[in-house]
file start.cif (mmCIF, N, CA and C atoms)
data_data
loop_
_atom_site.label_atom_id
_atom_site.label_comp_id
_atom_site.auth_asym_id
_atom_site.auth_seq_id
_atom_site.Cartn_x
_atom_site.Cartn_y
_atom_site.Cartn_z
N MET A 1 53.51 90.32 -8.16
CA MET A 1 52.36 90.32 -7.30
C MET A 1 52.78 89.73 -5.95
N SER A 2 52.40 90.39 -4.89
CA SER A 2 52.82 89.93 -3.57
C SER A 2 51.98 88.73 -3.12
N SER A 3 52.52 88.02 -2.17
CA SER A 3 51.84 86.82 -1.70
C SER A 3 50.52 87.14 -0.99
N SER A 4 50.39 88.32 -0.41
CA SER A 4 49.13 88.69 0.25
C SER A 4 48.00 88.87 -0.77
N TRP A 5 48.34 89.39 -1.95
CA TRP A 5 47.34 89.52 -3.01
C TRP A 5 46.91 88.15 -3.52
N VAL A 6 47.85 87.28 -3.68
CA VAL A 6 47.55 85.92 -4.15
C VAL A 6 46.64 85.22 -3.14
N LEU A 7 46.96 85.38 -1.86
CA LEU A 7 46.14 84.78 -0.81
C LEU A 7 44.73 85.37 -0.81
N ALA A 8 44.61 86.67 -0.96
CA ALA A 8 43.30 87.33 -0.98
C ALA A 8 42.47 86.86 -2.17
N ILE A 9 43.08 86.73 -3.33
CA ILE A 9 42.37 86.27 -4.52
C ILE A 9 41.95 84.81 -4.36
N THR A 10 42.81 83.99 -3.78
CA THR A 10 42.49 82.58 -3.55
C THR A 10 41.30 82.44 -2.59
N VAL A 11 41.30 83.23 -1.51
CA VAL A 11 40.19 83.18 -0.56
C VAL A 11 38.90 83.65 -1.22
N LEU A 12 38.96 84.68 -2.04
CA LEU A 12 37.78 85.19 -2.73
C LEU A 12 37.22 84.14 -3.69
N VAL A 13 38.07 83.50 -4.45
CA VAL A 13 37.63 82.47 -5.39
C VAL A 13 37.02 81.29 -4.64
N ALA A 14 37.61 80.89 -3.52
CA ALA A 14 37.08 79.79 -2.72
C ALA A 14 35.70 80.15 -2.16
N ALA A 15 35.54 81.38 -1.68
CA ALA A 15 34.24 81.81 -1.13
C ALA A 15 33.18 81.82 -2.22
N LEU A 16 33.52 82.29 -3.40
CA LEU A 16 32.57 82.29 -4.51
C LEU A 16 32.21 80.86 -4.91
N GLY A 17 33.16 79.95 -4.88
CA GLY A 17 32.89 78.56 -5.21
C GLY A 17 31.94 77.92 -4.21
N VAL A 18 32.14 78.18 -2.93
CA VAL A 18 31.25 77.64 -1.89
C VAL A 18 29.85 78.22 -2.06
N ALA A 19 29.75 79.53 -2.32
CA ALA A 19 28.45 80.17 -2.51
C ALA A 19 27.73 79.57 -3.72
N TYR A 20 28.46 79.29 -4.79
CA TYR A 20 27.87 78.69 -5.98
C TYR A 20 27.31 77.30 -5.67
N VAL A 21 28.06 76.48 -4.95
CA VAL A 21 27.62 75.12 -4.62
C VAL A 21 26.37 75.18 -3.74
N ILE A 22 26.35 76.04 -2.75
CA ILE A 22 25.17 76.17 -1.88
C ILE A 22 23.97 76.64 -2.70
N GLY A 23 24.16 77.60 -3.57
CA GLY A 23 23.06 78.08 -4.42
C GLY A 23 22.51 76.98 -5.32
N ARG A 24 23.37 76.18 -5.91
CA ARG A 24 22.92 75.08 -6.76
C ARG A 24 22.12 74.04 -5.96
N LEU A 25 22.58 73.72 -4.76
CA LEU A 25 21.86 72.76 -3.93
C LEU A 25 20.48 73.27 -3.56
N LEU A 26 20.37 74.54 -3.22
CA LEU A 26 19.07 75.11 -2.88
C LEU A 26 18.15 75.16 -4.10
N THR A 27 18.70 75.46 -5.26
CA THR A 27 17.91 75.51 -6.48
C THR A 27 17.39 74.12 -6.86
N LEU A 28 18.22 73.12 -6.73
CA LEU A 28 17.80 71.76 -7.06
C LEU A 28 16.70 71.27 -6.13
N ARG A 29 16.71 71.74 -4.89
CA ARG A 29 15.72 71.30 -3.91
C ARG A 29 14.36 71.94 -4.11
N ALA A 30 14.32 73.13 -4.68
CA ALA A 30 13.06 73.85 -4.87
C ALA A 30 12.18 73.10 -5.86
N GLY A 31 10.91 72.99 -5.54
CA GLY A 31 9.96 72.35 -6.43
C GLY A 31 9.84 70.85 -6.26
N LEU A 32 10.65 70.25 -5.39
CA LEU A 32 10.55 68.82 -5.17
C LEU A 32 9.40 68.52 -4.22
N LEU A 33 8.63 67.49 -4.54
CA LEU A 33 7.53 67.08 -3.66
C LEU A 33 8.09 66.27 -2.50
N LYS A 34 7.60 66.58 -1.32
CA LYS A 34 8.01 65.86 -0.13
C LYS A 34 6.76 65.32 0.55
N ALA A 35 6.85 64.11 1.06
CA ALA A 35 5.72 63.54 1.80
C ALA A 35 5.46 64.42 3.00
N SER A 36 4.20 64.71 3.24
CA SER A 36 3.83 65.59 4.35
C SER A 36 3.82 64.83 5.66
N LYS A 37 4.45 65.40 6.67
CA LYS A 37 4.48 64.79 7.99
C LYS A 37 3.33 65.30 8.86
N ASP A 38 2.53 66.22 8.32
CA ASP A 38 1.46 66.85 9.10
C ASP A 38 0.19 66.01 9.16
N ALA A 39 0.09 64.95 8.40
CA ALA A 39 -1.18 64.21 8.28
C ALA A 39 -1.69 63.71 9.62
N ALA A 40 -0.80 63.20 10.45
CA ALA A 40 -1.25 62.65 11.73
C ALA A 40 -1.61 63.74 12.73
N ASN A 41 -0.98 64.90 12.62
CA ASN A 41 -1.17 65.96 13.60
C ASN A 41 -2.23 66.98 13.22
N LEU A 42 -2.83 66.86 12.06
CA LEU A 42 -3.74 67.88 11.56
C LEU A 42 -5.18 67.52 11.92
N SER A 43 -5.82 68.40 12.65
CA SER A 43 -7.22 68.15 13.03
C SER A 43 -8.14 68.55 11.88
N PRO A 44 -9.33 67.96 11.80
CA PRO A 44 -10.27 68.27 10.71
C PRO A 44 -10.70 69.74 10.69
N GLU A 45 -10.66 70.42 11.84
CA GLU A 45 -11.07 71.82 11.90
C GLU A 45 -10.14 72.71 11.08
N VAL A 46 -8.88 72.29 10.95
CA VAL A 46 -7.89 73.10 10.23
C VAL A 46 -8.26 73.24 8.76
N THR A 47 -8.80 72.19 8.17
CA THR A 47 -9.09 72.20 6.73
C THR A 47 -10.58 72.30 6.42
N SER A 48 -11.42 72.39 7.42
CA SER A 48 -12.86 72.32 7.19
C SER A 48 -13.39 73.47 6.33
N ASP A 49 -12.81 74.65 6.41
CA ASP A 49 -13.33 75.79 5.66
C ASP A 49 -12.58 76.06 4.36
N LEU A 50 -11.68 75.18 3.96
CA LEU A 50 -10.91 75.41 2.74
C LEU A 50 -11.68 75.06 1.48
N GLY A 51 -12.65 74.18 1.57
CA GLY A 51 -13.39 73.77 0.38
C GLY A 51 -12.74 72.62 -0.35
N LEU A 52 -12.09 71.72 0.39
CA LEU A 52 -11.44 70.56 -0.22
C LEU A 52 -12.48 69.59 -0.76
N SER A 53 -12.11 68.87 -1.80
CA SER A 53 -13.00 67.90 -2.43
C SER A 53 -13.21 66.69 -1.52
N ASP A 54 -14.44 66.19 -1.50
CA ASP A 54 -14.76 64.97 -0.75
C ASP A 54 -14.59 63.72 -1.59
N THR A 55 -14.48 63.89 -2.90
CA THR A 55 -14.49 62.73 -3.80
C THR A 55 -13.12 62.34 -4.33
N GLY A 56 -12.11 63.19 -4.16
CA GLY A 56 -10.79 62.88 -4.67
C GLY A 56 -9.77 63.85 -4.13
N PRO A 57 -8.54 63.73 -4.60
CA PRO A 57 -7.49 64.61 -4.10
C PRO A 57 -7.70 66.06 -4.53
N THR A 58 -7.15 66.96 -3.73
CA THR A 58 -7.22 68.39 -4.01
C THR A 58 -5.82 68.97 -3.95
N ILE A 59 -5.47 69.75 -4.96
CA ILE A 59 -4.21 70.49 -4.94
C ILE A 59 -4.52 71.88 -4.42
N VAL A 60 -3.93 72.24 -3.30
CA VAL A 60 -4.09 73.58 -2.73
C VAL A 60 -2.81 74.35 -3.01
N HIS A 61 -2.97 75.46 -3.68
CA HIS A 61 -1.85 76.28 -4.13
C HIS A 61 -1.97 77.65 -3.46
N PHE A 62 -1.02 77.97 -2.58
CA PHE A 62 -0.99 79.28 -1.93
C PHE A 62 -0.21 80.24 -2.81
N SER A 63 -0.81 81.42 -3.06
CA SER A 63 -0.19 82.40 -3.94
C SER A 63 -0.51 83.80 -3.44
N ALA A 64 -0.04 84.78 -4.19
CA ALA A 64 -0.34 86.19 -3.93
C ALA A 64 -0.20 86.92 -5.26
N VAL A 65 -0.82 88.07 -5.36
CA VAL A 65 -0.78 88.86 -6.58
C VAL A 65 0.65 89.24 -6.93
N TRP A 66 1.44 89.54 -5.94
CA TRP A 66 2.81 90.02 -6.15
C TRP A 66 3.82 88.90 -6.36
N CYS A 67 3.39 87.64 -6.29
CA CYS A 67 4.29 86.49 -6.39
C CYS A 67 4.48 86.11 -7.86
N GLY A 68 5.67 86.33 -8.38
CA GLY A 68 5.97 86.00 -9.77
C GLY A 68 5.89 84.51 -10.09
N PRO A 69 6.57 83.64 -9.33
CA PRO A 69 6.55 82.21 -9.63
C PRO A 69 5.17 81.56 -9.47
N CYS A 70 4.25 82.22 -8.77
CA CYS A 70 2.92 81.63 -8.57
C CYS A 70 2.18 81.42 -9.89
N ALA A 71 2.42 82.27 -10.86
CA ALA A 71 1.79 82.09 -12.17
C ALA A 71 2.28 80.79 -12.82
N GLY A 72 3.55 80.46 -12.63
CA GLY A 72 4.08 79.21 -13.15
C GLY A 72 3.46 78.00 -12.49
N VAL A 73 3.24 78.09 -11.18
CA VAL A 73 2.59 76.99 -10.46
C VAL A 73 1.17 76.83 -10.98
N ARG A 74 0.47 77.94 -11.17
CA ARG A 74 -0.90 77.89 -11.66
C ARG A 74 -0.97 77.15 -13.00
N GLN A 75 -0.03 77.45 -13.90
CA GLN A 75 -0.02 76.79 -15.22
C GLN A 75 0.22 75.29 -15.08
N VAL A 76 1.18 74.91 -14.24
CA VAL A 76 1.50 73.49 -14.06
C VAL A 76 0.32 72.75 -13.44
N VAL A 77 -0.28 73.34 -12.41
CA VAL A 77 -1.40 72.69 -11.73
C VAL A 77 -2.61 72.59 -12.66
N ASP A 78 -2.89 73.64 -13.41
CA ASP A 78 -4.01 73.58 -14.37
C ASP A 78 -3.80 72.48 -15.40
N GLN A 79 -2.56 72.34 -15.88
CA GLN A 79 -2.24 71.30 -16.86
C GLN A 79 -2.47 69.91 -16.26
N VAL A 80 -2.00 69.68 -15.04
CA VAL A 80 -2.15 68.38 -14.40
C VAL A 80 -3.62 68.09 -14.12
N CYS A 81 -4.37 69.09 -13.67
CA CYS A 81 -5.80 68.89 -13.38
C CYS A 81 -6.59 68.59 -14.66
N ALA A 82 -6.16 69.15 -15.79
CA ALA A 82 -6.82 68.85 -17.06
C ALA A 82 -6.55 67.41 -17.48
N GLU A 83 -5.36 66.89 -17.17
CA GLU A 83 -5.01 65.51 -17.52
C GLU A 83 -5.63 64.50 -16.56
N LEU A 84 -5.86 64.90 -15.31
CA LEU A 84 -6.42 64.01 -14.30
C LEU A 84 -7.73 64.61 -13.80
N PRO A 85 -8.85 64.27 -14.43
CA PRO A 85 -10.11 64.94 -14.13
C PRO A 85 -10.64 64.74 -12.71
N GLY A 86 -10.15 63.76 -11.98
CA GLY A 86 -10.62 63.54 -10.61
C GLY A 86 -9.96 64.43 -9.58
N VAL A 87 -9.06 65.30 -10.03
CA VAL A 87 -8.30 66.15 -9.12
C VAL A 87 -8.88 67.55 -9.10
N ALA A 88 -9.12 68.07 -7.90
CA ALA A 88 -9.61 69.45 -7.75
C ALA A 88 -8.43 70.38 -7.49
N HIS A 89 -8.60 71.64 -7.89
CA HIS A 89 -7.57 72.66 -7.70
C HIS A 89 -8.17 73.82 -6.93
N LEU A 90 -7.49 74.21 -5.87
CA LEU A 90 -7.93 75.32 -5.04
C LEU A 90 -6.76 76.26 -4.86
N GLU A 91 -6.92 77.49 -5.29
CA GLU A 91 -5.87 78.50 -5.11
C GLU A 91 -6.29 79.45 -4.00
N ILE A 92 -5.41 79.64 -3.04
CA ILE A 92 -5.69 80.51 -1.90
C ILE A 92 -4.72 81.68 -1.92
N ASP A 93 -5.27 82.88 -1.96
CA ASP A 93 -4.46 84.10 -1.92
C ASP A 93 -4.02 84.32 -0.47
N MET A 94 -2.72 84.29 -0.25
CA MET A 94 -2.19 84.40 1.09
C MET A 94 -2.49 85.76 1.72
N ASP A 95 -2.57 86.80 0.90
CA ASP A 95 -2.89 88.12 1.43
C ASP A 95 -4.35 88.22 1.84
N ALA A 96 -5.24 87.55 1.11
CA ALA A 96 -6.67 87.60 1.41
C ALA A 96 -7.05 86.62 2.52
N ASN A 97 -6.30 85.54 2.69
CA ASN A 97 -6.63 84.53 3.67
C ASN A 97 -5.38 84.12 4.45
N PRO A 98 -4.81 85.03 5.24
CA PRO A 98 -3.59 84.67 5.98
C PRO A 98 -3.81 83.63 7.06
N GLU A 99 -5.04 83.52 7.56
CA GLU A 99 -5.32 82.52 8.59
C GLU A 99 -5.14 81.09 8.07
N ALA A 100 -5.59 80.84 6.83
CA ALA A 100 -5.41 79.50 6.24
C ALA A 100 -3.93 79.19 6.09
N ALA A 101 -3.17 80.17 5.66
CA ALA A 101 -1.72 79.98 5.51
C ALA A 101 -1.07 79.70 6.86
N LYS A 102 -1.51 80.40 7.87
CA LYS A 102 -0.95 80.20 9.21
C LYS A 102 -1.30 78.81 9.75
N ARG A 103 -2.56 78.38 9.58
CA ARG A 103 -2.98 77.07 10.07
C ARG A 103 -2.21 75.93 9.41
N LEU A 104 -1.85 76.13 8.14
CA LEU A 104 -1.13 75.09 7.41
C LEU A 104 0.37 75.32 7.36
N SER A 105 0.85 76.27 8.16
CA SER A 105 2.29 76.57 8.29
C SER A 105 2.94 76.92 6.96
N VAL A 106 2.26 77.74 6.18
CA VAL A 106 2.82 78.20 4.91
C VAL A 106 3.68 79.43 5.20
N LEU A 107 4.98 79.30 4.97
CA LEU A 107 5.91 80.36 5.29
C LEU A 107 6.50 81.04 4.07
N SER A 108 6.36 80.41 2.91
CA SER A 108 6.92 81.00 1.69
C SER A 108 5.99 80.73 0.52
N LEU A 109 6.13 81.54 -0.50
CA LEU A 109 5.32 81.40 -1.71
C LEU A 109 6.22 81.09 -2.89
N PRO A 110 5.74 80.34 -3.82
CA PRO A 110 4.51 79.56 -3.80
C PRO A 110 4.68 78.27 -3.00
N THR A 111 3.60 77.87 -2.34
CA THR A 111 3.55 76.59 -1.63
C THR A 111 2.36 75.81 -2.16
N THR A 112 2.59 74.55 -2.47
CA THR A 112 1.55 73.68 -3.00
C THR A 112 1.44 72.47 -2.08
N ILE A 113 0.21 72.16 -1.68
CA ILE A 113 -0.05 71.01 -0.80
C ILE A 113 -1.09 70.13 -1.48
N ILE A 114 -0.84 68.82 -1.52
CA ILE A 114 -1.79 67.87 -2.07
C ILE A 114 -2.50 67.19 -0.91
N PHE A 115 -3.83 67.30 -0.90
CA PHE A 115 -4.66 66.65 0.11
C PHE A 115 -5.33 65.44 -0.52
N ASP A 116 -5.49 64.36 0.26
CA ASP A 116 -6.22 63.20 -0.25
C ASP A 116 -7.72 63.42 -0.03
N ALA A 117 -8.54 62.44 -0.42
CA ALA A 117 -10.00 62.57 -0.30
C ALA A 117 -10.45 62.65 1.15
N ASP A 118 -9.62 62.18 2.08
CA ASP A 118 -9.94 62.26 3.50
C ASP A 118 -9.47 63.58 4.12
N LYS A 119 -9.03 64.49 3.27
CA LYS A 119 -8.61 65.84 3.65
C LYS A 119 -7.37 65.86 4.53
N ARG A 120 -6.49 64.89 4.28
CA ARG A 120 -5.20 64.85 4.96
C ARG A 120 -4.12 65.31 3.99
N PRO A 121 -3.19 66.15 4.43
CA PRO A 121 -2.10 66.56 3.54
C PRO A 121 -1.17 65.38 3.28
N ARG A 122 -0.91 65.11 2.00
CA ARG A 122 -0.06 63.97 1.65
C ARG A 122 1.30 64.41 1.12
N TYR A 123 1.32 65.49 0.34
CA TYR A 123 2.57 65.98 -0.24
C TYR A 123 2.59 67.49 -0.16
N ARG A 124 3.80 68.04 -0.10
CA ARG A 124 3.96 69.48 0.02
C ARG A 124 5.22 69.89 -0.73
N THR A 125 5.16 71.04 -1.39
CA THR A 125 6.34 71.54 -2.09
C THR A 125 6.35 73.07 -2.05
N HIS A 126 7.54 73.60 -2.17
CA HIS A 126 7.75 75.04 -2.27
C HIS A 126 8.39 75.30 -3.61
N GLY A 127 8.04 76.40 -4.23
CA GLY A 127 8.55 76.68 -5.56
C GLY A 127 7.62 76.10 -6.61
N VAL A 128 8.09 76.08 -7.84
CA VAL A 128 7.27 75.60 -8.96
C VAL A 128 7.52 74.10 -9.13
N PRO A 129 6.48 73.27 -8.89
CA PRO A 129 6.67 71.82 -9.05
C PRO A 129 6.67 71.42 -10.52
N ARG A 130 7.26 70.28 -10.80
CA ARG A 130 7.21 69.73 -12.15
C ARG A 130 5.90 68.97 -12.31
N ALA A 131 5.32 69.04 -13.50
CA ALA A 131 4.05 68.35 -13.77
C ALA A 131 4.18 66.85 -13.54
N ALA A 132 5.29 66.26 -13.93
CA ALA A 132 5.49 64.82 -13.76
C ALA A 132 5.49 64.44 -12.27
N ASP A 133 6.08 65.29 -11.43
CA ASP A 133 6.09 65.01 -10.00
C ASP A 133 4.68 65.08 -9.41
N LEU A 134 3.91 66.07 -9.84
CA LEU A 134 2.53 66.17 -9.36
C LEU A 134 1.71 64.95 -9.79
N ARG A 135 1.84 64.56 -11.06
CA ARG A 135 1.10 63.39 -11.55
C ARG A 135 1.47 62.14 -10.77
N SER A 136 2.77 61.94 -10.53
CA SER A 136 3.19 60.72 -9.83
C SER A 136 2.71 60.72 -8.37
N ALA A 137 2.51 61.89 -7.77
CA ALA A 137 1.99 61.95 -6.42
C ALA A 137 0.47 61.77 -6.40
N LEU A 138 -0.20 62.23 -7.45
CA LEU A 138 -1.68 62.19 -7.49
C LEU A 138 -2.23 60.85 -7.93
N GLU A 139 -1.58 60.17 -8.86
CA GLU A 139 -2.14 58.95 -9.42
C GLU A 139 -2.44 57.88 -8.36
N PRO A 140 -1.59 57.65 -7.36
CA PRO A 140 -1.96 56.67 -6.33
C PRO A 140 -3.18 57.12 -5.50
N LEU A 141 -3.38 58.42 -5.36
CA LEU A 141 -4.51 58.92 -4.59
C LEU A 141 -5.83 58.79 -5.35
N LEU A 142 -5.76 58.63 -6.67
CA LEU A 142 -6.96 58.47 -7.49
C LEU A 142 -7.42 57.01 -7.58
N ALA A 143 -6.52 56.10 -7.21
CA ALA A 143 -6.84 54.66 -7.34
C ALA A 143 -7.81 54.18 -6.29
#
call {"tool": "encode", "arguments": {"input": "start.cif", "output": "structure tokens"}}
result
Amino acid sequence: MSSSWVLAITVLVAALGVAYVIGRLLTLRAGLLKASKDAANLSPEVTSDLGLSDTGPTIVHFSAVWCGPCAGVRQVVDQVCAELPGVAHLEIDMDANPEAAKRLSVLSLPTTIIFDADKRPRYRTHGVPRAADLRSALEPLLA
């Protein structure tokens, strides 16, 4: 085997290794809850027509009929809301209400945003969140 073939195979293996590492990092990041930085910049008019709860936190889940992972988010959110009765769940179809998605800067599906009782976004995630992460974000808001 010539040295040019060995070099080509080595470069190909290295490129595949880098692609694998990047893919794993992106996969691990999906579904993680992040504190929302929008709370200070969000005016009340932005959320006034969403139907957020006045008495406790609200989980707003943006979805679409064609979104496969959105069904997984729905199951996780329904489970958490059943365990924490003070939490409201609102699902917004991005195709039916693109203006709400635009106002809240929703660029990908599924996107889940947790609002506190004062209608400020506190946490935001993309992908399917873990139930434990949702509970740990919601419990301080219920106190």
call {"tool": "residues_around", "arguments": {"input": "start.cif", "residues": "region 65-74 of chain A", "least_positions_apart": "4", "cutoff": "6 Å", "atoms": "all atoms listed in the file", "output": "ChimeraX atom specification"}}
result
/A:78-79,110,128-129
call {"tool": "write_last_selection", "arguments": {"input": "start.cif", "atoms": "N, CA and C atoms", "output": "short mmCIF file (atom, residue, chain, number, x, y, z; two decimals), keeping the file's coordinate frame"}}
result
data_model
loop_
_atom_site.label_atom_id
_atom_site.label_comp_id
_atom_site.auth_asym_id
_atom_site.auth_seq_id
_atom_site.Cartn_x
_atom_site.Cartn_y
_atom_site.Cartn_z
N ASP A 78 -2.89 73.64 -13.41
CA ASP A 78 -4.01 73.58 -14.37
C ASP A 78 -3.80 72.48 -15.40
N GLN A 79 -2.56 72.34 -15.88
CA GLN A 79 -2.24 71.30 -16.86
C GLN A 79 -2.47 69.91 -16.26
N PRO A 110 5.74 80.34 -3.82
CA PRO A 110 4.51 79.56 -3.80
C PRO A 110 4.68 78.27 -3.00
N VAL A 128 8.09 76.08 -7.84
CA VAL A 128 7.27 75.60 -8.96
C VAL A 128 7.52 74.10 -9.13
N PRO A 129 6.48 73.27 -8.89
CA PRO A 129 6.67 71.82 -9.05
C PRO A 129 6.67 71.42 -10.52
#
call {"tool": "closest_residue", "arguments": {"input": "start.cif", "among": "A:Asp54, A:Asp95, A:Glu139, A:Asp49", "to": "Ala117 (chain A)", "atoms": "all atoms listed in the file"}}
result
A:Asp54
call {"tool": "resolve_selection", "arguments": {"input": "start.cif", "expression": "the PyMOL selection byres (((chain A and resi 85 and name CA) around 12) and name CA)", "output": "number ranges by chain"}}
result
A: 55-58, 77-84, 86-89, 135, 138-139, 142
call {"tool": "resolve_selection", "arguments": {"input": "start.cif", "expression": "the PyMOL selection byres (((chain A and resi 62 and name CA) around 6) and name CA)", "output": "PyMOL selection string"}}
result
chain A and resi 61+63+91-93+110-111
call {"tool": "atom_distance", "arguments": {"input": "start.cif", "atom1": "atom N of Ile9 (chain A)", "atom2": "atom N of Arg24 (chain A)"}}
result
22.5 Å
call {"tool": "select_by_dssp", "arguments": {"input": "start.cif", "residues": "region 66-141 of chain A", "states": "alpha helix (DSSP H)", "output": "MDAnalysis selection string"}}
result
chainID A and resid 69:83 98:103 131:141
call {"tool": "atom_distance", "arguments": {"input": "start.cif", "atom1": "atom N of Leu134 (chain A)", "atom2": "atom N of Asn97 (chain A)"}}
result
25.3 Å
call {"tool": "atom_distance", "arguments": {"input": "start.cif", "atom1": "CA of Ser136 (chain A)", "atom2": "CA of Ser48 (chain A)"}}
result
26.1 Å
call {"tool": "select_by_dssp", "arguments": {"input": "start.cif", "residues": "region 31-110 of chain A", "states": "strand (DSSP E)", "output": "PyMOL selection string"}}
result
chain A and resi 34-35+58-63+88-93
call {"tool": "resolve_selection", "arguments": {"input": "start.cif", "expression": "the PyMOL selection byres (((chain A and resi 114 and name CA) around 8) and name CA)", "output": "ChimeraX atom specification"}}
result
/A:57-60,112-113,115-116,121-124,138
call {"tool": "write_last_selection", "arguments": {"input": "start.cif", "atoms": "N, CA and C atoms", "output": "PDB file, in the frame of the given file"}}
result
ATOM      1  N   PRO A  57      -8.540  63.730  -4.600  1.00  0.00           N
ATOM      2  CA  PRO A  57      -7.490  64.610  -4.100  1.00  0.00           C
ATOM      3  C   PRO A  57      -7.700  66.060  -4.530  1.00  0.00           C
ATOM      4  N   THR A  58      -7.150  66.960  -3.730  1.00  0.00           N
ATOM      5  CA  THR A  58      -7.220  68.390  -4.010  1.00  0.00           C
ATOM      6  C   THR A  58      -5.820  68.970  -3.950  1.00  0.00           C
ATOM      7  N   ILE A  59      -5.470  69.750  -4.960  1.00  0.00           N
ATOM      8  CA  ILE A  59      -4.210  70.490  -4.940  1.00  0.00           C
ATOM      9  C   ILE A  59      -4.520  71.880  -4.420  1.00  0.00           C
ATOM     10  N   VAL A  60      -3.930  72.240  -3.300  1.00  0.00           N
ATOM     11  CA  VAL A  60      -4.090  73.580  -2.730  1.00  0.00           C
ATOM     12  C   VAL A  60      -2.810  74.350  -3.010  1.00  0.00           C
ATOM     13  N   THR A 112       2.590  74.550  -2.470  1.00  0.00           N
ATOM     14  CA  THR A 112       1.550  73.680  -3.000  1.00  0.00           C
ATOM     15  C   THR A 112       1.440  72.470  -2.080  1.00  0.00           C
ATOM     16  N   ILE A 113       0.210  72.160  -1.680  1.00  0.00           N
ATOM     17  CA  ILE A 113      -0.050  71.010  -0.800  1.00  0.00           C
ATOM     18  C   ILE A 113      -1.090  70.130  -1.480  1.00  0.00           C
ATOM     19  N   PHE A 115      -3.830  67.300  -0.900  1.00  0.00           N
ATOM     20  CA  PHE A 115      -4.660  66.650   0.110  1.00  0.00           C
ATOM     21  C   PHE A 115      -5.330  65.440  -0.520  1.00  0.00           C
ATOM     22  N   ASP A 116      -5.490  64.360   0.260  1.00  0.00           N
ATOM     23  CA  ASP A 116      -6.220  63.200  -0.250  1.00  0.00           C
ATOM     24  C   ASP A 116      -7.720  63.420  -0.030  1.00  0.00           C
ATOM     25  N   PRO A 121      -3.190  66.150   4.430  1.00  0.00           N
ATOM     26  CA  PRO A 121      -2.100  66.560   3.540  1.00  0.00           C
ATOM     27  C   PRO A 121      -1.170  65.380   3.280  1.00  0.00           C
ATOM     28  N   ARG A 122      -0.910  65.110   2.000  1.00  0.00           N
ATOM     29  CA  ARG A 122      -0.060  63.970   1.650  1.00  0.00           C
ATOM     30  C   ARG A 122       1.300  64.410   1.120  1.00  0.00           C
ATOM     31  N   TYR A 123       1.320  65.490   0.340  1.00  0.00           N
ATOM     32  CA  TYR A 123       2.570  65.980  -0.240  1.00  0.00           C
ATOM     33  C   TYR A 123       2.590  67.490  -0.160  1.00  0.00           C
ATOM     34  N   ARG A 124       3.800  68.040  -0.100  1.00  0.00           N
ATOM     35  CA  ARG A 124       3.960  69.480   0.020  1.00  0.00           C
ATOM     36  C   ARG A 124       5.220  69.890  -0.730  1.00  0.00           C
ATOM     37  N   LEU A 138      -0.200  62.230  -7.450  1.00  0.00           N
ATOM     38  CA  LEU A 138      -1.680  62.190  -7.490  1.00  0.00           C
ATOM     39  C   LEU A 138      -2.230  60.850  -7.930  1.00  0.00           C
TER      40      LEU A 138
END
call {"tool": "closest_residue", "arguments": {"input": "start.cif", "among": "A:Leu25, A:Leu7, A:Val106, A:Leu52", "to": "His126 (chain A)", "atoms": "only C-alpha atoms"}}
result
A:Val106
